[in-house]
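Peer 1: Contents are compact mmCIF, C-alpha atoms; file name structure_26.txt:
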# COMPACT_ATOMS: atom_id res chain seq x y z
CA MET I 744 -40.36 3.38 -20.52
CA ASP I 745 -44.12 4.00 -20.17
CA LYS I 746 -45.58 6.89 -18.17
CA GLN I 747 -46.62 4.71 -15.25
CA THR I 748 -43.12 3.27 -14.85
CA GLU I 749 -41.59 6.73 -15.17
CA LEU I 750 -43.90 8.07 -12.46
CA VAL I 751 -43.01 5.23 -10.07
CA THR I 752 -39.28 5.82 -10.45
CA ARG I 753 -39.72 9.46 -9.47
CA GLU I 754 -41.50 8.76 -6.20
CA PHE I 755 -39.53 8.77 -2.94
CA ALA I 756 -40.46 7.79 0.60
CA GLN I 757 -39.51 10.49 3.09
CA ILE I 758 -38.03 9.21 6.34
CA PRO I 759 -36.83 11.51 9.15
CA MET I 760 -33.03 11.57 9.29
CA GLN I 761 -30.62 13.00 11.81
CA ALA I 762 -26.88 12.77 12.45
CA VAL I 763 -26.07 11.61 15.99
CA GLY I 764 -22.91 11.49 18.05
CA PRO I 765 -20.20 12.46 18.41
CA PHE I 766 -18.52 9.07 18.03
CA LYS I 767 -14.92 8.25 18.88
CA LEU I 768 -13.56 5.12 17.19
CA VAL I 769 -10.20 3.42 17.65
CA GLY I 770 -8.70 0.26 16.18
CA ASP I 771 -9.32 -0.45 12.50
CA VAL I 772 -10.90 3.03 12.21
CA GLU I 773 -9.39 6.02 14.03
CA VAL I 774 -11.71 9.02 14.21
CA ASP I 775 -12.88 11.67 16.71
CA ASP I 776 -16.12 13.66 16.77
CA LEU I 777 -17.78 11.63 14.04
CA MET I 778 -21.48 12.33 13.46
CA VAL I 779 -23.44 9.34 12.14
CA PRO I 780 -26.63 9.75 10.06
CA MET I 781 -29.64 7.58 10.86
CA ALA I 782 -32.99 7.55 9.02
CA THR I 783 -35.83 6.24 11.17
CA TYR I 784 -39.44 6.80 12.22
CA GLU I 785 -38.47 5.70 15.75
CA THR I 786 -37.11 9.11 16.77
CA PRO I 787 -36.15 8.11 20.37
CA LEU I 788 -33.42 6.07 18.70
CA TRP I 789 -31.41 9.23 18.00
CA PRO I 790 -30.86 10.38 21.61
CA SER I 791 -30.41 6.78 22.75
CA VAL I 792 -27.59 6.10 20.27
CA ALA I 793 -26.12 9.52 21.01
CA ARG I 794 -26.02 8.67 24.72
CA GLY I 795 -24.15 5.44 24.00
CA ALA I 796 -21.72 7.31 21.75
CA ARG I 797 -21.17 10.01 24.37
CA VAL I 798 -20.35 7.66 27.24
CA ALA I 799 -18.09 5.56 24.99
CA ALA I 800 -16.22 8.67 23.82
CA HIS I 801 -15.63 9.78 27.42
CA SER I 802 -14.32 6.27 28.13
CA GLY I 803 -11.68 6.35 25.40
CA GLY I 804 -13.75 5.34 22.40
CA ILE I 805 -15.14 2.23 20.76
CA ARG I 806 -12.53 -0.21 19.51
CA VAL I 807 -13.63 -1.66 16.16
CA THR I 808 -12.03 -4.70 14.55
CA VAL I 809 -12.86 -6.31 11.20
CA ILE I 810 -12.35 -10.05 11.64
CA ASP I 811 -13.32 -11.18 8.13
CA GLU I 812 -15.16 -10.13 4.97
CA ARG I 813 -16.75 -12.02 2.09
CA MET I 814 -19.87 -12.12 -0.05
CA THR I 815 -21.45 -15.43 -1.03
CA ARG I 816 -23.67 -17.01 -3.60
CA SER I 817 -24.63 -20.69 -3.46
CA ILE I 818 -25.45 -22.50 -6.66
CA LEU I 819 -27.48 -25.69 -6.95
CA LEU I 820 -26.48 -28.52 -9.27
CA GLN I 821 -27.76 -32.07 -9.66
CA ALA I 822 -25.76 -35.26 -10.18
CA PRO I 823 -27.00 -38.75 -11.14
CA ASN I 824 -26.36 -39.91 -7.57
CA ALA I 825 -24.52 -38.95 -4.38
CA SER I 826 -21.39 -40.87 -5.36
CA VAL I 827 -20.96 -38.80 -8.51
CA ALA I 828 -21.80 -35.63 -6.57
CA SER I 829 -19.02 -36.35 -4.07
CA LEU I 830 -16.48 -37.10 -6.79
CA ARG I 831 -17.29 -33.99 -8.80
CA LEU I 832 -17.08 -31.79 -5.71
CA GLN I 833 -13.59 -33.10 -4.96
CA GLN I 834 -12.55 -32.34 -8.52
CA ILE I 835 -14.13 -28.88 -8.55
CA GLN I 836 -12.51 -27.85 -5.27
CA GLN I 837 -9.10 -28.91 -6.62
CA ARG I 838 -9.52 -26.46 -9.49
CA HIS I 839 -9.69 -23.23 -7.50
CA ALA I 840 -7.28 -21.45 -9.86
CA ASP I 841 -9.45 -22.33 -12.86
CA LEU I 842 -12.57 -21.09 -11.08
CA GLN I 843 -10.81 -17.84 -10.16
CA GLN I 844 -9.84 -17.37 -13.81
CA VAL I 845 -13.53 -17.52 -14.72
CA VAL I 846 -14.39 -15.08 -11.93
CA SER I 847 -11.69 -12.59 -12.96
CA GLN I 848 -13.39 -12.19 -16.33
CA THR I 849 -16.58 -10.90 -14.66
CA SER I 850 -15.11 -8.06 -12.56
CA ARG I 851 -11.72 -6.61 -11.69
CA PHE I 852 -12.78 -6.53 -8.04
CA ALA I 853 -14.28 -10.02 -7.67
CA GLU I 854 -11.99 -12.65 -6.17
CA LEU I 855 -12.99 -16.19 -5.29
CA ILE I 856 -11.53 -16.93 -1.86
CA ASP I 857 -13.21 -20.18 -0.83
CA THR I 858 -15.90 -22.75 -1.56
CA ASN I 859 -18.05 -24.80 0.81
CA PHE I 860 -20.64 -27.44 0.04
CA GLN I 861 -23.44 -29.67 1.24
CA VAL I 862 -24.73 -32.78 -0.54
CA VAL I 863 -28.38 -33.79 -0.10
CA GLY I 864 -29.26 -36.92 -2.03
CA ASN I 865 -27.99 -36.21 -5.53
CA LEU I 866 -28.10 -32.43 -5.05
CA ILE I 867 -24.94 -30.32 -4.81
CA TYR I 868 -25.18 -27.09 -2.79
CA LEU I 869 -21.97 -25.25 -3.67
CA ARG I 870 -21.31 -22.05 -1.68
CA LEU I 871 -19.00 -19.64 -3.51
CA GLU I 872 -17.29 -16.98 -1.37
CA PHE I 873 -15.81 -13.78 -2.83
CA LYS I 874 -13.98 -10.58 -2.04
CA THR I 875 -15.92 -7.75 -3.70
CA GLY I 876 -13.98 -4.53 -3.10
CA ASP I 877 -16.10 -1.62 -1.86
CA ALA I 878 -19.39 -3.08 -3.12
CA SER I 879 -21.61 -5.11 -0.82
CA GLY I 880 -21.26 -7.63 -3.64
CA HIS I 881 -24.69 -9.18 -4.15
CA ASN I 882 -24.72 -8.66 -7.90
CA MET I 883 -20.99 -9.18 -8.28
CA ALA I 884 -21.19 -12.59 -6.60
CA THR I 885 -24.28 -13.58 -8.59
CA ASN I 886 -22.67 -12.52 -11.86
CA ALA I 887 -19.56 -14.55 -11.08
CA ALA I 888 -21.69 -17.57 -10.14
CA ASP I 889 -23.65 -17.16 -13.36
CA LYS I 890 -20.41 -17.62 -15.30
CA ILE I 891 -19.05 -20.43 -13.12
CA ILE I 892 -22.13 -22.62 -13.67
CA PRO I 893 -21.73 -23.09 -17.46
CA TRP I 894 -17.99 -23.65 -16.98
CA ILE I 895 -18.67 -26.47 -14.48
CA LEU I 896 -21.35 -28.01 -16.68
CA ASP I 897 -19.00 -27.91 -19.65
CA GLN I 898 -16.26 -29.65 -17.63
CA TYR I 899 -18.56 -32.24 -16.06
CA SER I 900 -21.31 -33.30 -18.45
CA ASP I 901 -23.04 -35.55 -15.87
CA LEU I 902 -24.06 -32.52 -13.78
CA GLU I 903 -27.21 -30.47 -14.41
CA TYR I 904 -28.27 -26.93 -13.54
CA VAL I 905 -30.98 -26.44 -10.89
CA SER I 906 -30.67 -22.86 -9.62
CA ILE I 907 -28.36 -19.84 -9.51
CA SER I 908 -29.26 -19.43 -5.82
CA ALA I 909 -29.82 -22.35 -3.47
CA ASN I 910 -30.50 -20.74 -0.04
CA TYR I 911 -27.13 -21.95 1.24
CA CYS I 912 -25.79 -18.39 0.71
CA THR I 913 -27.82 -17.36 2.86
CA ASP I 914 -29.35 -14.08 1.63
CA LYS I 915 -31.84 -12.08 3.74
CA LYS I 916 -32.91 -15.05 5.83
CA VAL I 917 -32.14 -16.11 9.38
CA SER I 918 -29.63 -18.98 9.33
CA ALA I 919 -26.67 -20.44 11.17
CA VAL I 920 -24.41 -20.78 8.13
CA ASN I 921 -23.62 -17.07 7.74
CA GLY I 922 -22.30 -16.74 11.27
CA ILE I 923 -20.28 -19.96 10.93
CA LEU I 924 -18.83 -19.52 7.43
CA GLY I 925 -19.22 -15.76 7.06
CA ARG I 926 -21.21 -13.43 4.83
CA GLY I 927 -20.51 -9.71 4.71
CA LYS I 928 -18.19 -7.97 7.17
CA TYR I 929 -17.47 -9.63 10.53
CA VAL I 930 -17.07 -6.72 12.97
CA VAL I 931 -16.42 -6.62 16.71
CA CYS I 932 -17.05 -3.40 18.67
CA GLU I 933 -15.95 -3.09 22.30
CA ALA I 934 -15.30 -0.55 25.04
CA THR I 935 -14.57 -0.43 28.74
CA ILE I 936 -16.85 2.05 30.52
CA PRO I 937 -15.63 3.26 33.96
CA LYS I 938 -18.21 2.72 36.66
CA LYS I 939 -18.32 6.48 37.34
CA TYR I 940 -19.44 7.07 33.74
CA CYS I 941 -22.04 4.30 34.00
CA LYS I 942 -23.55 6.24 36.89
CA ARG I 943 -23.13 9.69 35.29
CA PHE I 944 -24.31 9.01 31.74
CA LEU I 945 -26.23 5.73 31.91
CA LYS I 946 -27.82 6.15 35.36
CA THR I 947 -26.99 2.57 36.31
CA THR I 948 -24.15 0.29 37.41
CA PRO I 949 -21.90 -2.16 35.55
CA GLN I 950 -23.28 -5.07 37.57
CA ALA I 951 -26.88 -4.14 36.78
CA ILE I 952 -26.12 -4.11 33.03
CA VAL I 953 -24.33 -7.47 33.23
CA ASP I 954 -27.20 -9.03 35.19
CA LEU I 955 -29.74 -7.80 32.65
CA HIS I 956 -27.59 -8.94 29.74
CA ILE I 957 -27.48 -12.48 31.14
CA LYS I 958 -31.20 -12.67 31.83
CA LYS I 959 -32.39 -10.82 28.69
CA ASP I 960 -29.82 -11.20 25.89
CA LEU I 961 -28.67 -14.71 26.78
CA ILE I 962 -31.41 -16.59 28.64
CA GLY I 963 -34.20 -14.64 26.95
CA SER I 964 -32.81 -15.46 23.51
CA ILE I 965 -32.57 -19.14 24.44
CA VAL I 966 -36.14 -19.19 25.72
CA SER I 967 -37.40 -17.53 22.53
CA GLY I 968 -35.46 -19.91 20.29
CA GLY I 969 -33.17 -17.20 18.89
CA LEU I 970 -30.63 -18.41 16.33
CA ARG I 971 -27.06 -17.13 16.77
CA THR I 972 -28.38 -13.97 18.35
CA ALA I 973 -28.07 -12.39 21.79
CA ASN I 974 -28.85 -8.70 21.54
CA ALA I 975 -31.49 -6.16 22.51
CA HIS I 976 -32.39 -4.37 19.25
CA VAL I 977 -29.48 -4.31 16.80
CA ALA I 978 -31.95 -4.31 13.89
CA ASN I 979 -33.13 -0.83 14.91
CA MET I 980 -29.72 0.80 14.53
CA LEU I 981 -28.80 -1.13 11.40
CA LEU I 982 -32.02 -0.15 9.63
CA GLY I 983 -31.53 3.52 10.45
CA PHE I 984 -27.93 3.39 9.28
CA TYR I 985 -28.69 1.35 6.16
CA LEU I 986 -31.44 3.69 4.99
CA ALA I 987 -29.22 6.74 5.52
CA THR I 988 -26.29 5.27 3.57
CA GLY I 989 -28.08 3.61 0.64
CA GLN I 990 -27.79 -0.01 1.74
CA ASP I 991 -30.11 -2.91 0.92
CA ALA I 992 -32.29 -2.64 4.02
CA ALA I 993 -33.43 -6.28 3.84
CA ASN I 994 -29.93 -7.30 4.92
CA ILE I 995 -30.78 -6.34 8.49
CA VAL I 996 -32.27 -9.85 8.69
CA GLU I 997 -28.88 -11.53 8.88
CA GLY I 998 -27.13 -8.37 10.10
CA SER I 999 -29.15 -8.32 13.31
CA GLN I 1000 -27.92 -11.80 14.27
CA ALA I 1001 -25.49 -10.10 16.64
CA ILE I 1002 -24.11 -11.16 20.01
CA ASN I 1003 -23.44 -8.95 23.04
CA HIS I 1004 -20.78 -9.99 25.53
CA VAL I 1005 -20.65 -8.06 28.80
CA GLU I 1006 -18.49 -8.33 31.94
CA VAL I 1007 -17.57 -6.45 35.09
CA THR I 1008 -13.79 -5.94 35.10
CA GLU I 1009 -11.49 -6.49 38.08
CA ASP I 1010 -11.64 -2.74 38.72
CA GLY I 1011 -15.43 -2.80 38.79
CA ASP I 1012 -15.82 -1.16 35.38
CA LEU I 1013 -18.02 -2.33 32.52
CA TYR I 1014 -16.61 -4.22 29.52
CA PHE I 1015 -19.24 -4.11 26.78
CA SER I 1016 -19.01 -5.59 23.29
CA THR I 1017 -21.25 -6.18 20.31
CA THR I 1018 -20.17 -8.70 17.68
CA LEU I 1019 -21.79 -8.51 14.25
CA PRO I 1020 -20.68 -11.41 12.02
CA ASN I 1021 -22.95 -10.63 9.05
CA LEU I 1022 -22.76 -6.90 8.28
CA ILE I 1023 -23.52 -6.46 4.58
CA VAL I 1024 -22.64 -2.92 3.50
CA GLY I 1025 -21.04 -1.23 0.53
CA SER I 1026 -19.86 2.28 -0.31
CA VAL I 1027 -20.48 1.88 -4.06
CA GLY I 1028 -23.17 0.23 -6.15
CA ASN I 1029 -26.95 0.38 -6.34
CA GLY I 1030 -28.55 2.98 -4.05
CA LYS I 1031 -25.41 5.10 -3.68
CA GLY I 1032 -26.21 7.65 -6.40
CA LEU I 1033 -28.78 9.67 -4.45
CA ASP I 1034 -27.57 13.08 -3.31
CA PHE I 1035 -28.31 12.56 0.39
CA VAL I 1036 -26.55 9.17 0.34
CA LEU I 1037 -23.44 10.65 -1.26
CA GLU I 1038 -23.44 13.45 1.32
CA ASN I 1039 -23.72 10.94 4.16
CA LEU I 1040 -20.94 8.72 2.80
CA GLU I 1041 -18.71 11.79 2.54
CA LEU I 1042 -19.67 12.80 6.10
CA LEU I 1043 -18.54 9.36 7.29
CA GLY I 1044 -15.29 9.46 5.30
CA CYS I 1045 -16.41 6.50 3.20
CA ALA I 1046 -16.25 8.13 -0.24
CA ASP I 1047 -12.47 8.42 -0.65
CA LYS I 1048 -11.84 7.82 -4.36
CA ASP I 1049 -8.09 7.41 -3.76
CA ALA I 1050 -8.49 4.64 -1.16
CA GLU I 1051 -7.49 1.07 -1.90
CA PRO I 1052 -10.40 -1.22 -2.91
CA GLY I 1053 -12.32 -2.33 0.15
CA VAL I 1054 -11.11 0.40 2.52
CA ASN I 1055 -14.24 2.55 2.26
CA SER I 1056 -16.62 -0.36 2.78
CA ARG I 1057 -14.64 -1.68 5.76
CA ARG I 1058 -14.76 1.76 7.36
CA LEU I 1059 -18.50 1.89 6.69
CA ALA I 1060 -18.97 -1.52 8.35
CA CYS I 1061 -17.00 -0.39 11.41
CA ILE I 1062 -19.20 2.70 11.79
CA ALA I 1063 -22.35 0.63 11.30
CA GLY I 1064 -21.21 -1.77 14.01
CA ALA I 1065 -20.32 1.07 16.38
CA THR I 1066 -23.79 2.57 15.85
CA ALA I 1067 -25.37 -0.74 16.81
CA PHE I 1068 -23.05 -0.99 19.82
CA CYS I 1069 -24.14 2.43 21.12
CA GLY I 1070 -27.83 1.61 20.81
CA GLU I 1071 -27.33 -1.69 22.60
CA LEU I 1072 -25.41 -0.15 25.49
CA SER I 1073 -27.92 2.67 25.94
CA LEU I 1074 -31.03 0.50 25.78
CA LEU I 1075 -29.74 -2.14 28.20
CA ALA I 1076 -28.80 0.63 30.63
CA ALA I 1077 -32.28 2.15 30.31
CA GLN I 1078 -33.99 -1.19 30.93
CA THR I 1079 -32.20 -1.63 34.26
CA ASN I 1080 -34.37 1.26 35.52
CA PRO I 1081 -38.13 0.54 35.73
CA GLY I 1082 -40.18 2.89 33.57
CA GLU I 1083 -37.26 4.70 31.92
CA LEU I 1084 -37.76 3.22 28.45
CA MET I 1085 -41.47 4.02 28.19
CA GLN I 1086 -41.05 7.48 29.69
CA ALA I 1087 -38.45 8.33 27.06
CA HIS I 1088 -40.70 7.16 24.24
CA ILE I 1089 -43.69 9.11 25.54
CA LYS I 1090 -41.65 12.28 26.08
CA LEU I 1091 -39.81 12.24 22.76
CA GLU I 1092 -42.52 10.93 20.46
CA ARG I 1093 -45.29 13.16 21.85
CA SER I 1094 -43.08 16.24 21.63
CA ALA I 1095 -42.31 15.32 18.01
CA GLU I 1096 -46.03 15.04 17.22
CA LYS I 1097 -46.72 18.50 18.66
CA SER I 1098 -43.95 20.06 16.59
How does the structure come out when it is put into structure tokens?
Peer 2:
Amino acid sequence: MDKQTELVTREFAQIPMQAVGPFKLVGDVEVDDLMVPMATYETPLWPSVARGARVAAHSGGIRVTVIDERMTRSILLQAPNASVASLRLQQIQQRHADLQQVVSQTSRFAELIDTNFQVVGNLIYLRLEFKTGDASGHNMATNAADKIIPWILDQYSDLEYVSISANYCTDKKVSAVNGILGRGKYVVCEATIPKKYCKRFLKTTPQAIVDLHIKKDLIGSIVSGGLRTANAHVANMLLGFYLATGQDAANIVEGSQAINHVEVTEDGDLYFSTTLPNLIVGSVGNGKGLDFVLENLELLGCADKDAEPGVNSRRLACIAGATAFCGELSLLAAQTNPGELMQAHIKLERSAEKS
């Protein structure tokens, strides 16, 4: 390693970080008084998320449910023509057990759970989907794919290699396929907020939040051409959470393709939910060796060495989703009141500059 490289590896970017809460989670994660670390330059985010957490805790907590989990890598192969491509795909998909045998030799945690494909001309886009334990699984999936390719080419000599990654994964890009077929953790966060708490903590009404949700999250996203997204600013919370817990921050691209669903209940209360189909997080792997990251993972209860594989990362995904939920609820409430959002930014950011 030369001196220049050594110097670069020792440099760190300092980002303000604060634990916010307390959170109360129920469902797939049961926890009271949880404080969640967030690293961000947008300091008004901390009190906003804390407000959402506070009103949700008073209302019984945020119910979190993990619907699905998988990491993907799509490989690109070429056949002589589409007819051969179709035939080979049928044969490959019938040999799932053989493919899994190849995968098992790359990692004790990697498990091939499904394959999907698209054929374009004579090109085969084969999407490999894996369980990856507590790792987010980028490298694990790529390593498994890297071993599957030569096995396929050895079995079917009329196919040729084109690329280890074919954009049908889809990694760190806005797409429809991840929400449809899944990539990362699929998490739903929901709570019912009594109307009295909407008034007390959020300074608004359930109906006002629902009306804004329809006109902003839904119609506004349609007007802007949003793709599988209907939220206010999920990327904000995910970035703060990802930086604080050693995640690959670029995964907020697909992670922020989240959908809010909001209703007024028969009792006049507020049902609020945030669904995040593409949460890519891990409690082990690259980025998790820094002292502050380890401390934050322990704070969140996501560093249990005795837990079954996958438990820590699922818990981490639930907390990440709940953090996004709280920021969404708080911001939508604020935007029902003219001037509140800007006043909060001016007050909090100017006071931070003076200090």
Peer 1: Name the closest residue to I:Tyr929 among the candidates I:Thr1018, I:Gln1086, I:Gln837, I:Ser829; distances are taken between atoms, counting only C-alpha atoms.
Peer 2: I:Thr1018
Peer 1: Considering all atoms listed in the file, can you say which of I:Gln848, I:Asn1021, I:Gln861, I:Ser791 comes closest to I:Ala919?
Peer 2: I:Asn1021
Peer 1: Would you mind reading off the distance between atom CA of I:Glu872 and atom CA of I:Asp914, one decimal, in Å?
Peer 2: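 Going from atom CA of I:Glu872 over to atom CA of I:Asp914 covers 12.8 Å.
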Peer 1: Of the candidates I:Gly880, I:Gly983, I:Gly770, I:Gly1011, which one gets nearest to I:Val809 if we count only C-alpha atoms?
Peer 2: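 Using only C-alpha atoms, the shortest distance to I:Val809 belongs to I:Gly770.
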Peer 1: Considering only C-alpha atoms, state which residue in the set I:Asp991, I:Glu1051, I:Asp877, I:Asp1012 is at the smallest distance from I:Ile952.
Peer 2: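 Among the listed residues, the smallest separation from I:Ile952 belongs to I:Asp1012.
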Peer 1: Measure the distance from atom CA of I:Asp771 to atom CA of I:Ile1023 in Å and round it to one decimal.
Peer 2: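 Result for atom CA of I:Asp771 versus atom CA of I:Ile1023: 17.3 Å, one decimal.
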Peer 1: Of the candidates I:Thr988, I:Gln898, I:Asn1080, I:Thr1017, which one gets nearest to I:Phe1035 if we count only C-alpha atoms?
Peer 2: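 Comparing I:Thr988, I:Gln898, I:Asn1080, I:Thr1017 against I:Phe1035, the winner is I:Thr988.
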Peer 1: Find the spatial neighbours of I:Val863, counting only C-alpha atoms, within a cut-off of 10 Å - ignore same-chain residues fewer than 6 positions away - and output them as a list in words.
Peer 2: Gln821, Asn824, Ala825 and Ala828 of chain I
Peer 1: Which residue out of I:Lys942, I:His1004, I:Arg851, I:Lys767 has the minimum interatomic distance to I:Ile805 when only C-alpha atoms are used?
Peer 2: I:Lys767
Peer 1: Identify, on the basis of only C-alpha atoms, every residue whose closest approach to I:Met778 does not exceed 8 Å; exclude the query and any residue fewer than 2 positions from it along the same chain; express the result as a list in words.
Peer 2: Ala762, Val763, Gly764, Pro765, Phe766, Asp776, Pro780, Leu1042 and Leu1043 of chain I
Peer 1: Around (-13.3, -10.2, -6.0) in the file's own coordinates, what residues are found within 6 Å if you use only C-alpha atoms, given back as a ChimeraX atom specification?
Peer 2: /I:852-854,873-875
Peer 1: Skipping near chain neighbours, those fewer than 2 positions away, what residues fall within 8 Å of I:Gln990 using only C-alpha atoms, listed as JSON, numbers by chain?
Peer 2: {"I": [985, 986, 987, 988, 992, 1024, 1025, 1030, 1031]}
Peer 1: One decimal, in Å: what's the spacing between atom CA of I:Thr972 and atom CA of I:Thr1008?
Peer 2: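 Answer for the atom CA of I:Thr972 to atom CA of I:Thr1008 separation: 23.6 Å.
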Peer 1: Where does stretch 886-930 of chain I meet stretch 1052-1074 of chain I within 10 Å, residue by residue, with the nearest atom pair and distance in Å to one decimal for each, counting only C-alpha atoms, listed by chain and rising number, as a tab-separated table?
Peer 2:
residue	atom	partner	partner_atom	distance
I:Gly927	CA	I:Ala1060	CA	9.1
I:Lys928	CA	I:Ala1060	CA	6.6
I:Tyr929	CA	I:Ala1060	CA	8.5
I:Val930	CA	I:Cys1061	CA	6.5
